[in-house]
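In what follows, a structure is listed as structure tokens, so that the remarks can point back to it.
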Amino acid sequence: MEWSLLILITFFAATVQSATGFGFGLIAVSAFLIMLDSIAAIQIVIIVTLVMSCLHWPKLRGLAPTQLLKWLSLGCLFGFPLGILVYNQLNLDAIKMAVAILIILISLQNAWHLFHSSIDNSSAPASPRRPGALIGVGIASGLMASAMAMPGPAVMLYLSRTALGKDEIRATIITFFVFSYGGALIMQTTMVGITSQTWITAAVLSIPALAGVIAGDFLSKRINQKTFKGLVLLILMMTGLFMLFNL
């Protein structure tokens, strides 16, 4: 039963990521922490997401803005060791609480963005690409990558306020994921250690994850994006609340 649920959750989270651009870490980390009751869940998500990102990257790498990625990646390098420090200092319940609160806050922010965009069709002013701001976003993402397997939220919140098009944002986030999850995996392997069982679990779950990538590409062309994102936000909110109530 546990394996069946893990496979279903992995497939669903990968479908969401493929259809919307991000979300695998938010869904999988919270669900895996509940089911496995081990911080190894974070390492599993890092490995599986890196596999998914490497699959997407060759098709999109030419669309990502080089200068933007350069500053994000530089900040990420500074964030990696900070994330490992957080990972080593916090116990499992503290990590669960941090993940739950983060999911709820991001869900509320994205819900407000969806609501606001539905009643106001005017475009918001684009955020300028200041190197300092990009480095700051990169540091936050690097920290969250190696500590919680979640580099995406900070970058997506920033990119959603730029003038980049949909394809450019998707290319940027996928290229950044290859770098951030790759760096997080190196940090986790060398400074924390990854057990053979964790590698085996990640390898098995990579199969439904890749199936989810294909399903997400199929669904993204056939369903309303706002409706889909609304359902995902509802699921995320319920997951975050469930994690808090079960600490």
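We label chains A, B, ... in the order they appear in the structure tokens, count residues from 1 in each chain, and number ligands from 1 in the order shown.
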List the neighbours of Phe177 (chain A) out to 9 Å using only C-alpha atoms; skip same-chain residues closer than 3 positions along the sequence, and give me the result as a list in words. Thr49, Leu50, Ser53, Cys54, Pro151, Gly152, Thr172, Ile173, Ile174, Ser180, Tyr181 and Gly182 of chain A
Do you have, as a Markdown table, the list of residues of region 119-184 of chain A lying at most 6 Å from region 63-75 of chain A, each with its nearest atom pair and that distance in Å to one decimal, counting only C-alpha atoms and ordered by chain then number?
| residue | atom | partner | partner_atom | distance |
| --- | --- | --- | --- | --- |
| A:Leu134 | CA | A:Leu72 | CA | 5.3 |
| A:Ile135 | CA | A:Gly75 | CA | 4.2 |
| A:Gly138 | CA | A:Gly75 | CA | 4.1 |
| A:Ile139 | CA | A:Gly75 | CA | 4.4 |
| A:Glu168 | CA | A:Leu63 | CA | 5.5 |
| A:Ala171 | CA | A:Ala64 | CA | 5.1 |
| A:Thr172 | CA | A:Ala64 | CA | 4.6 |
Where does DSSP see helix (DSSP H, G or I) in region 43-224 of chain A, if you list the residues as a PyMOL selection string? chain A and resi 43-63+66-89+92-119+131-148+152-159+166-192+196-220
